[in-house]
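A.B. asks: Provided herewith: work29.cif, mmCIF, C-alpha atoms.
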data_model
loop_
_atom_site.label_atom_id
_atom_site.label_comp_id
_atom_site.auth_asym_id
_atom_site.auth_seq_id
_atom_site.Cartn_x
_atom_site.Cartn_y
_atom_site.Cartn_z
CA MET A 1 0.00 0.00 0.00
CA ASP A 2 1.05 3.57 -0.62
CA ASN A 3 1.00 6.36 1.95
CA ILE A 4 -2.74 6.56 2.01
CA THR A 5 -3.06 8.26 5.38
CA ASP A 6 -0.55 10.99 4.57
CA PRO A 7 -2.11 13.92 2.64
CA LEU A 8 1.27 14.47 0.98
CA VAL A 9 0.64 11.05 -0.45
CA ASN A 10 3.66 9.34 -1.98
CA LEU A 11 2.52 8.04 -5.33
CA SER A 12 5.83 6.30 -6.00
CA ARG A 13 5.65 3.48 -8.50
CA PRO A 14 7.92 2.02 -11.20
CA GLU A 15 6.18 3.65 -14.14
CA VAL A 16 6.60 7.40 -13.82
CA GLY A 17 4.63 9.42 -16.33
CA ILE A 18 4.73 13.00 -17.55
CA VAL A 19 2.39 14.13 -14.77
CA GLU A 20 4.69 12.82 -12.06
CA ARG A 21 7.91 14.02 -13.70
CA VAL A 22 6.79 17.49 -14.82
CA VAL A 23 3.37 18.61 -13.61
CA VAL A 24 3.74 17.58 -9.96
CA PRO A 25 7.12 19.35 -9.45
CA ILE A 26 5.78 22.54 -11.06
CA LEU A 27 2.64 22.58 -8.91
CA ASP A 28 4.59 21.70 -5.77
CA THR A 29 7.07 24.50 -6.42
CA LEU A 30 4.25 27.03 -6.81
CA ILE A 31 2.59 25.82 -3.62
CA LEU A 32 5.90 25.80 -1.73
CA VAL A 33 6.92 29.33 -2.73
CA THR A 34 3.46 30.84 -2.28
CA GLY A 35 2.87 29.09 1.02
CA ILE A 36 6.22 30.08 2.53
CA LEU A 37 5.77 33.69 1.42
CA GLY A 38 2.22 33.91 2.78
CA HIS A 39 2.97 32.34 6.15
CA SER A 40 6.18 34.33 6.55
CA LEU A 41 4.20 37.55 6.15
CA VAL A 42 1.60 36.29 8.63
CA ILE A 43 4.25 35.45 11.22
CA LEU A 44 6.01 38.77 10.69
CA ILE A 45 2.84 40.85 11.09
CA LEU A 46 1.51 38.89 14.07
CA SER A 47 4.89 39.00 15.82
CA ARG A 48 4.99 42.78 15.41
CA LYS A 49 1.46 43.07 16.81
CA GLN A 50 2.32 40.98 19.86
CA ARG A 51 5.47 43.02 20.52
CA GLY A 52 3.35 46.17 20.24
CA ARG A 53 0.96 44.83 22.86
CA GLY A 54 3.86 43.96 25.12
CA ASN A 55 5.28 47.49 24.82
CA GLY A 56 1.93 49.13 25.55
CA GLY A 57 2.39 48.88 29.30
CA ALA A 58 -0.14 49.88 31.91
CA SER A 59 -0.98 53.14 30.19
CA ASN A 60 -2.73 51.43 27.30
CA ARG A 61 -5.77 49.79 28.91
CA THR A 62 -8.50 50.83 26.48
CA GLY A 63 -10.22 48.04 24.66
CA GLN A 64 -8.78 45.32 26.90
CA ALA A 65 -11.39 42.78 25.90
CA GLY A 66 -10.65 43.28 22.22
CA SER A 67 -6.92 43.12 22.89
CA ALA A 68 -7.19 39.88 24.87
CA SER A 69 -9.43 38.31 22.23
CA GLY A 70 -7.10 39.49 19.49
CA HIS A 71 -4.16 37.95 21.31
CA SER A 72 -5.91 34.58 21.44
CA THR A 73 -6.68 34.52 17.71
CA ASP A 74 -3.18 35.78 16.88
CA THR A 75 -1.62 32.96 18.91
CA LEU A 76 -3.79 30.42 17.12
CA LEU A 77 -2.88 31.92 13.74
CA LEU A 78 0.82 31.67 14.61
CA SER A 79 0.33 28.00 15.49
CA LEU A 80 -1.54 27.47 12.22
CA SER A 81 1.31 29.03 10.26
CA ALA A 82 3.85 26.88 12.12
CA ALA A 83 1.90 23.71 11.26
CA ASP A 84 1.56 24.67 7.61
CA LEU A 85 5.24 25.63 7.31
CA LEU A 86 6.29 22.27 8.75
CA LEU A 87 3.97 20.59 6.27
CA LEU A 88 5.55 22.59 3.44
CA ALA A 89 9.00 21.49 4.65
CA CYS A 90 7.94 17.89 3.96
CA LEU A 91 6.75 18.72 0.46
CA PRO A 92 10.13 18.55 -1.41
CA PHE A 93 10.79 15.01 -0.12
CA HIS A 94 7.50 13.75 -1.54
CA THR A 95 7.97 15.71 -4.75
CA VAL A 96 11.29 13.97 -5.40
CA ALA A 97 9.78 10.58 -4.54
CA ILE A 98 6.90 11.10 -6.96
CA ALA A 99 9.06 12.49 -9.78
CA THR A 100 11.66 9.70 -9.57
CA GLY A 101 9.36 6.81 -8.70
CA HIS A 102 11.24 5.79 -5.55
CA TRP A 103 12.18 6.99 -2.06
CA PRO A 104 15.90 7.91 -2.02
CA PHE A 105 16.09 9.39 1.51
CA GLY A 106 16.27 6.25 3.64
CA GLY A 107 14.16 4.68 6.36
CA PRO A 108 14.48 7.33 9.12
CA ALA A 109 13.37 10.11 6.76
CA CYS A 110 10.47 7.92 5.64
CA LYS A 111 9.28 7.62 9.24
CA LEU A 112 9.87 11.29 10.03
CA MET A 113 8.08 12.61 6.94
CA GLY A 114 5.12 10.33 7.59
CA PHE A 115 4.91 11.48 11.20
CA LEU A 116 5.27 15.20 10.39
CA GLY A 117 2.73 15.01 7.57
CA ALA A 118 0.06 13.39 9.74
CA ALA A 119 0.85 15.51 12.82
CA CYS A 120 0.84 18.84 10.99
CA THR A 121 -2.37 18.16 9.07
CA SER A 122 -4.08 17.15 12.32
CA ALA A 123 -2.69 20.16 14.22
CA SER A 124 -3.80 22.46 11.40
CA ALA A 125 -7.34 21.05 11.47
CA PHE A 126 -7.52 21.27 15.28
CA THR A 127 -6.27 24.86 15.17
CA LEU A 128 -8.87 25.85 12.59
CA ALA A 129 -11.57 24.38 14.85
CA ALA A 130 -10.12 26.28 17.82
CA LEU A 131 -10.11 29.50 15.77
CA ALA A 132 -13.79 29.02 14.93
CA THR A 133 -14.58 28.39 18.61
CA ALA A 134 -12.61 31.46 19.68
CA ARG A 135 -14.44 33.65 17.19
CA TYR A 136 -17.76 32.27 18.40
CA LEU A 137 -16.89 33.18 21.99
CA ILE A 138 -15.66 36.65 20.97
CA VAL A 139 -18.88 37.46 19.09
CA VAL A 140 -21.50 35.69 21.21
CA HIS A 141 -19.91 35.62 24.68
CA PRO A 142 -17.36 38.47 24.74
CA THR A 143 -17.23 38.61 28.56
CA LYS A 144 -16.37 34.93 28.83
CA ALA A 145 -13.88 35.28 26.00
CA TYR A 146 -12.10 38.13 27.76
CA ARG A 147 -12.11 36.32 31.11
CA TRP A 148 -10.48 33.28 29.53
CA CYS A 149 -8.12 35.09 27.15
CA ARG A 150 -6.80 37.83 29.44
CA ASP A 151 -4.02 35.55 30.67
CA ALA A 152 -1.72 34.98 27.70
CA ARG A 153 -0.30 31.87 29.32
CA HIS A 154 -3.67 30.13 29.20
CA VAL A 155 -3.95 30.84 25.49
CA LYS A 156 -0.43 29.62 24.76
CA LEU A 157 -0.88 26.45 26.82
CA ALA A 158 -4.19 25.67 25.14
CA THR A 159 -2.70 26.29 21.70
CA ALA A 160 0.29 24.06 22.47
CA GLY A 161 -2.10 21.44 23.82
CA LEU A 162 -3.65 21.07 20.37
CA TRP A 163 -0.39 19.48 19.23
CA VAL A 164 -0.66 16.67 21.80
CA PRO A 165 -3.57 14.79 20.16
CA ALA A 166 -2.09 15.63 16.76
CA ALA A 167 1.21 13.97 17.71
CA ALA A 168 -0.62 11.00 19.25
CA LEU A 169 -2.65 10.54 16.07
CA ALA A 170 0.55 10.61 14.01
CA ALA A 171 2.59 8.32 16.30
CA PRO A 172 1.75 5.12 14.34
CA GLN A 173 3.30 6.73 11.26
CA PHE A 174 6.66 7.02 13.01
CA THR A 175 6.39 3.65 14.70
CA TRP A 176 5.46 1.36 11.82
CA ARG A 177 6.17 3.17 8.56
CA THR A 178 9.04 1.60 6.64
CA LEU A 179 10.60 1.14 3.20
CA ASP A 180 9.47 -1.65 0.92
CA CYS A 181 9.64 -2.72 -2.70
CA SER A 182 7.61 -0.82 -5.24
CA THR A 183 6.35 -4.03 -6.83
CA ASN A 184 5.26 -7.43 -5.62
CA VAL A 185 8.60 -8.81 -6.84
CA VAL A 186 11.25 -8.70 -4.11
CA ARG A 187 14.13 -6.44 -5.15
CA GLU A 188 17.12 -5.03 -3.35
CA HIS A 189 18.06 -1.99 -5.40
CA LEU A 190 17.51 1.49 -4.01
CA GLN A 191 15.46 2.61 -6.97
CA ASP A 192 12.86 -0.07 -6.15
CA LEU A 193 12.19 1.19 -2.61
CA VAL A 194 9.15 3.31 -1.75
CA CYS A 195 8.11 4.83 1.55
CA PHE A 196 5.76 1.96 2.30
CA ASN A 197 2.77 2.16 4.56
CA PHE A 198 2.28 0.20 7.75
CA LEU A 199 0.07 -2.19 9.74
CA SER A 200 -2.12 -4.99 8.43
CA PRO A 201 -4.92 -4.21 5.96
CA GLU A 202 -7.43 -4.33 8.82
CA GLY A 203 -5.25 -2.08 11.00
CA GLN A 204 -4.79 0.31 8.11
CA VAL A 205 -8.54 0.60 7.66
CA ALA A 206 -8.99 1.28 11.38
CA TYR A 207 -6.26 3.91 11.38
CA GLY A 208 -7.60 5.57 8.23
CA VAL A 209 -11.13 5.79 9.62
CA CYS A 210 -9.83 7.12 12.94
CA HIS A 211 -7.75 9.78 11.17
CA PHE A 212 -10.72 10.78 9.02
CA LEU A 213 -13.08 11.12 11.98
CA LEU A 214 -10.68 12.96 14.32
CA ALA A 215 -8.69 15.10 11.87
CA PHE A 216 -11.43 15.94 9.36
CA ALA A 217 -15.01 15.16 10.37
CA LEU A 218 -14.73 16.41 13.97
CA PRO A 219 -12.93 19.72 13.14
CA LEU A 220 -15.33 20.31 10.23
CA GLY A 221 -18.30 19.78 12.53
CA VAL A 222 -16.90 22.20 15.11
CA ILE A 223 -16.14 24.82 12.44
CA ALA A 224 -19.59 24.56 10.86
CA MET A 225 -21.35 24.65 14.24
CA ALA A 226 -19.36 27.65 15.52
CA TYR A 227 -19.93 29.77 12.43
CA GLY A 228 -23.55 28.64 12.26
CA ARG A 229 -24.15 29.87 15.81
CA ILE A 230 -22.44 33.15 15.01
CA TYR A 231 -24.83 33.60 12.08
CA VAL A 232 -27.89 32.81 14.22
CA PHE A 233 -26.74 35.20 16.95
CA LEU A 234 -26.13 38.06 14.52
CA ARG A 235 -29.45 37.47 12.80
CA GLN A 236 -31.36 37.53 16.09
CA THR A 237 -29.49 40.62 17.21
CA ARG A 238 -30.22 42.41 13.96
CA LEU A 239 -33.93 41.65 14.21
CA GLN A 240 -34.01 43.20 17.68
CA GLN A 241 -32.37 46.46 16.59
CA THR A 242 -34.00 49.50 15.06
CA ALA A 243 -30.93 50.77 13.18
CA VAL A 244 -29.83 47.65 11.39
CA ASP A 245 -27.91 48.78 8.32
CA ARG A 246 -24.44 48.47 9.80
CA LEU A 247 -25.26 45.26 11.65
CA GLU A 248 -26.83 43.78 8.52
CA ARG A 249 -23.69 44.51 6.51
CA TYR A 250 -21.58 42.92 9.23
CA GLN A 251 -23.86 39.88 9.31
CA ASN A 252 -23.63 39.46 5.55
CA GLN A 253 -19.86 39.75 5.68
CA VAL A 254 -19.56 37.19 8.47
CA THR A 255 -21.96 34.86 6.68
CA GLN A 256 -20.03 34.98 3.42
CA THR A 257 -16.68 34.58 5.17
CA SER A 258 -17.93 31.68 7.30
CA ALA A 259 -19.37 29.86 4.31
CA LEU A 260 -16.11 30.36 2.44
CA LEU A 261 -14.04 28.99 5.34
CA VAL A 262 -16.19 25.87 5.69
CA LEU A 263 -16.23 25.33 1.92
CA ALA A 264 -12.47 25.78 1.58
CA PHE A 265 -11.72 23.34 4.41
CA THR A 266 -14.03 20.75 2.85
CA LEU A 267 -12.76 21.17 -0.71
CA CYS A 268 -9.09 21.05 0.31
CA TRP A 269 -9.25 17.92 2.43
CA LEU A 270 -12.22 15.86 1.25
CA PRO A 271 -10.57 14.68 -2.03
CA SER A 272 -7.53 13.44 -0.08
CA TYR A 273 -9.66 11.43 2.33
CA GLY A 274 -11.83 10.21 -0.53
CA PHE A 275 -8.69 8.97 -2.29
CA MET A 276 -7.56 7.37 0.98
CA PHE A 277 -10.80 5.39 1.30
CA ALA A 278 -10.60 4.39 -2.38
CA GLN A 279 -7.14 2.94 -1.77
CA LEU A 280 -8.26 1.24 1.42
CA ALA A 281 -11.14 -0.38 -0.40
CA ALA A 282 -8.90 -1.50 -3.26
CA ASN A 283 -6.13 -2.84 -1.02
CA ALA A 284 -8.07 -4.34 1.87
CA PRO A 285 -7.71 -7.94 0.67
CA MET A 286 -4.06 -7.73 -0.43
CA THR A 287 -0.67 -6.38 0.55
CA GLY A 288 0.71 -5.21 -2.77
CA THR A 289 1.01 -1.67 -4.08
CA ALA A 290 -2.04 0.46 -4.71
CA PRO A 291 -3.64 0.36 -8.16
CA ARG A 292 -3.23 3.35 -10.39
CA HIS A 293 -5.86 5.99 -9.68
CA GLY A 294 -5.03 8.29 -12.56
CA GLY A 295 -5.34 12.03 -12.37
CA PHE A 296 -7.55 12.00 -9.27
CA ALA A 297 -4.57 11.01 -7.12
CA THR A 298 -2.65 14.07 -8.25
CA PHE A 299 -5.72 16.27 -7.88
CA ALA A 300 -6.36 15.07 -4.31
CA ARG A 301 -2.77 15.63 -3.31
CA VAL A 302 -2.61 19.12 -4.83
CA MET A 303 -5.86 20.10 -3.09
CA ALA A 304 -4.52 18.90 0.28
CA THR A 305 -1.23 20.77 -0.04
CA SER A 306 -2.99 23.87 -1.37
CA ALA A 307 -4.59 24.23 2.06
CA THR A 308 -1.24 25.62 3.21
CA VAL A 309 -1.74 28.45 0.71
CA ALA A 310 -5.45 28.95 1.37
CA ASN A 311 -5.11 29.24 5.15
CA PRO A 312 -3.12 32.51 5.30
CA ILE A 313 -5.37 34.03 2.63
CA LEU A 314 -8.63 33.08 4.33
CA TYR A 315 -7.63 33.62 7.93
CA SER A 316 -5.27 36.60 7.66
CA PHE A 317 -5.23 38.44 4.34
CA MET A 318 -9.04 38.71 4.26
CA SER A 319 -8.88 40.69 7.51
CA GLN A 320 -8.99 44.46 6.99
CA LYS A 321 -6.83 45.01 10.08
CA PHE A 322 -4.23 42.57 8.81
CA ARG A 323 -4.12 44.23 5.39
CA LYS A 324 -3.70 47.58 7.13
CA GLU A 325 -0.77 46.20 9.14
CA LEU A 326 0.75 44.76 5.98
CA THR A 327 0.41 48.07 4.14
CA GLU A 328 2.01 49.90 7.05
CA LEU A 329 4.88 47.42 7.09
CA GLY A 330 5.42 47.97 3.36
CA ARG A 331 5.46 51.73 3.77
CA ARG A 332 7.97 51.54 6.59
CA SER A 333 10.21 49.20 4.59
CA CYS A 334 10.17 51.55 1.60
CA LYS A 335 10.83 54.56 3.83
CA ASP A 336 13.78 52.86 5.53
CA ARG A 337 15.19 51.82 2.18
CA PHE A 338 15.06 55.20 0.49
CA VAL A 339 15.75 57.49 3.45
#
Transcribe the structure of this file into structure tokens.

C.D. replies:
Amino acid sequence: MDNITDPLVNLSRPEVGIVERVVVPILDTLILVTGILGHSLVILILSRKQRGRGNGGASNRTGQAGSASGHSTDTLLLSLSAADLLLLACLPFHTVAIATGHWPFGGPACKLMGFLGAACTSASAFTLAALATARYLIVVHPTKAYRWCRDARHVKLATAGLWVPAAALAAPQFTWRTLDCSTNVVREHLQDLVCFNFLSPEGQVAYGVCHFLLAFALPLGVIAMAYGRIYVFLRQTRLQQTAVDRLERYQNQVTQTSALLVLAFTLCWLPSYGFMFAQLAANAPMTGTAPRHGGFATFARVMATSATVANPILYSFMSQKFRKELTELGRRSCKDRFV
């Protein structure tokens, strides 16, 4: 079986076509460059904002609730960028494996890339669910949100805690993943080795279903529920107000953004899990390599990795405050350069 539970799925096989040799490296390069650039800007802007809060001192106490809530979402966004950047760091290894038809990096790297891929995708999904929950609390229960978020240590510990179940879910990848032959014929040459999957067919099915439920279905349910409750709250609030123009515009904006976030999460990850279940179904009764799935395999993999590009756009660059910070940073850089 191939790496069916790793969204950066290794499609290594003896016959490498034009898609694997040319198209995949081009797409991966675009995703890698765009993703690194986007997340680097996010980290730079958010780090500057947090330093600004730290330098505000006791004299800057206006809007404490908004500041505490903003700190919580900023911390989660930093964690999201860290997870996506680690996932992007794994991308070149899989690109080489797909383009050459074998895994040339050895057994330890096979285990490490499998672990990092599963851990980072899970951490990213958990962080997106936490972001949706935080935004729900900020909009619907601002007092509770401030009470919980006013201590930065609580926010940081909770954010770091999201990585614990992510690492636990990825632990089997590091424990059992190994190299194996790319065909049913036993060979000993390096070019015949692929980063083989692990466990028995029954264990693989159990692990795949568990990963799907915990790292996709559960976060998606939390995200949809949180944004759905935000929509209901804003709608009820608008109906109770006399001057509703501004609130109605805000509700429409939140509704469109929420729908886009849920849709993007689903579109990015559902093809990968659909491909995973297709491979599980095809390989359940045997232990050989996965059958060829054509262009859908490449499509599913590209959609999964493109989430690392979509996340900074959807969760940072769509924010007016973030764009304002980015514009200010650009102006300062130009001023420092030409003065």

A.B. asks: Counting only C-alpha atoms, which of A:Gly221, A:Thr127, A:Thr100, A:Ala300 gets nearest to Arg21 of chain A?

C.D. replies: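 Answer, going by the shortest atom-to-atom distance: A:Thr100.
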
A.B. asks: Can you list, as number ranges by chain, the residues that the PyMOL selection byres ((chain A and resi 271) around 8) selects here?

C.D. replies: A: 267-270, 272-275, 299-301, 303-304

A.B. asks: Starting from the shown file, work through the PyMOL selection byres ((chain A and resi 31) around 12) and note down what comes out as a PyMOL selection string.

C.D. replies: chain A and resi 24-30+32-39+84-85+87-89+91-92+95+301-310

A.B. asks: Please report, as a tab-separated table, each residue of segment 52-158 of chain A lying at most 12 Å from segment 254-263 of chain A, together with the nearest pair of atoms and the separation in Å rounded to one decimal; use all atoms listed in the file, and order rows by chain and ascending residue number.

C.D. replies:
residue	atom	partner	partner_atom	distance
A:Ala125	CA	A:Val262	CA	11.6
A:Leu128	CA	A:Leu261	CA	9.4
A:Ala129	CA	A:Val262	CA	10.4
A:Leu131	CA	A:Leu261	CA	11.2
A:Ala132	CA	A:Ser258	CA	9.1
A:Arg135	CA	A:Ser258	CA	10.7
A:Tyr136	CA	A:Ser258	CA	11.1
A:Val139	CA	A:Val254	CA	10.6

A.B. asks: Between A:Asp74, A:Thr121, A:Ile43, A:Trp176, which has the minimum distance to Phe216 of chain A (counting all atoms listed in the file)?

C.D. replies: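 Distance minimum relative to Phe216 of chain A lands on A:Thr121.
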
A.B. asks: Skipping near chain neighbours, those fewer than 6 positions away, what residues fall within 12 Å of Lys321 of chain A using only C-alpha atoms, listed as a PDB file with C-alpha atoms, keeping the file's coordinate frame?

C.D. replies:
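Writing done, so here's around-v8.pdb:
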ATOM      1  CA  ILE A  45       2.840  40.850  11.090  1.00  0.00           C
ATOM      2  CA  LEU A  46       1.510  38.890  14.070  1.00  0.00           C
ATOM      3  CA  LYS A  49       1.460  43.070  16.810  1.00  0.00           C
ATOM      4  CA  GLY A  70      -7.100  39.490  19.490  1.00  0.00           C
ATOM      5  CA  TYR A 315      -7.630  33.620   7.930  1.00  0.00           C
ATOM      6  CA  THR A 327       0.410  48.070   4.140  1.00  0.00           C
ATOM      7  CA  GLU A 328       2.010  49.900   7.050  1.00  0.00           C
TER       8      GLU A 328
END

A.B. asks: Applying 10 Å and all atoms listed in the file, which residues near Ala168 of chain A remain after dropping the ones on its own chain fewer than 4 positions away? List them as a list in words.

C.D. replies: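 Using all atoms listed in the file, the neighbours found are Phe115, Ala118, Ala119, Ser122, Trp163, Val164, Pro172 and Gln173 of chain A.
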
A.B. asks: Assuming 5 Å of padding per side, give the centre and edge lengths of the axis-aligned box around every listed atom of segment 315-319 of chain A, in Å to one decimal and as lines of an AutoDock Vina configuration file.

C.D. replies:
center_x = -7.1
center_y = 37.2
center_z = 6.1
size_x = 13.8
size_y = 17.1
size_z = 13.7

A.B. asks: Using all atoms listed in the file, can you tell me which of A:Val22, A:Thr175, A:Val194, A:Gln279 comes closest to Pro104 of chain A?

C.D. replies: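 The shortest atom-to-atom distance to Pro104 of chain A comes from A:Val194.
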
A.B. asks: Once the PyMOL selection byres ((chain A and resi 209) around 12) is applied to the coordinates I shared, what remains selected? I want it as a short mmCIF file (atom, residue, chain, number, x, y, z; two decimals) with C-alpha atoms, in the coordinates of the input.

C.D. replies:
data_model
loop_
_atom_site.label_atom_id
_atom_site.label_comp_id
_atom_site.auth_asym_id
_atom_site.auth_seq_id
_atom_site.Cartn_x
_atom_site.Cartn_y
_atom_site.Cartn_z
CA ILE A 4 -2.74 6.56 2.01
CA THR A 5 -3.06 8.26 5.38
CA LEU A 169 -2.65 10.54 16.07
CA GLU A 202 -7.43 -4.33 8.82
CA GLY A 203 -5.25 -2.08 11.00
CA GLN A 204 -4.79 0.31 8.11
CA VAL A 205 -8.54 0.60 7.66
CA ALA A 206 -8.99 1.28 11.38
CA TYR A 207 -6.26 3.91 11.38
CA GLY A 208 -7.60 5.57 8.23
CA CYS A 210 -9.83 7.12 12.94
CA HIS A 211 -7.75 9.78 11.17
CA PHE A 212 -10.72 10.78 9.02
CA LEU A 213 -13.08 11.12 11.98
CA LEU A 214 -10.68 12.96 14.32
CA ALA A 215 -8.69 15.10 11.87
CA PHE A 216 -11.43 15.94 9.36
CA ALA A 217 -15.01 15.16 10.37
CA TYR A 273 -9.66 11.43 2.33
CA GLY A 274 -11.83 10.21 -0.53
CA MET A 276 -7.56 7.37 0.98
CA PHE A 277 -10.80 5.39 1.30
CA LEU A 280 -8.26 1.24 1.42
CA ALA A 281 -11.14 -0.38 -0.40
#

A.B. asks: Counting all atoms listed in the file, which residue out of A:Gly117, A:His71, A:Val232, A:Arg48 sits closest to Asp151 of chain A?

C.D. replies: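 Answer, going by the shortest atom-to-atom distance: A:His71.
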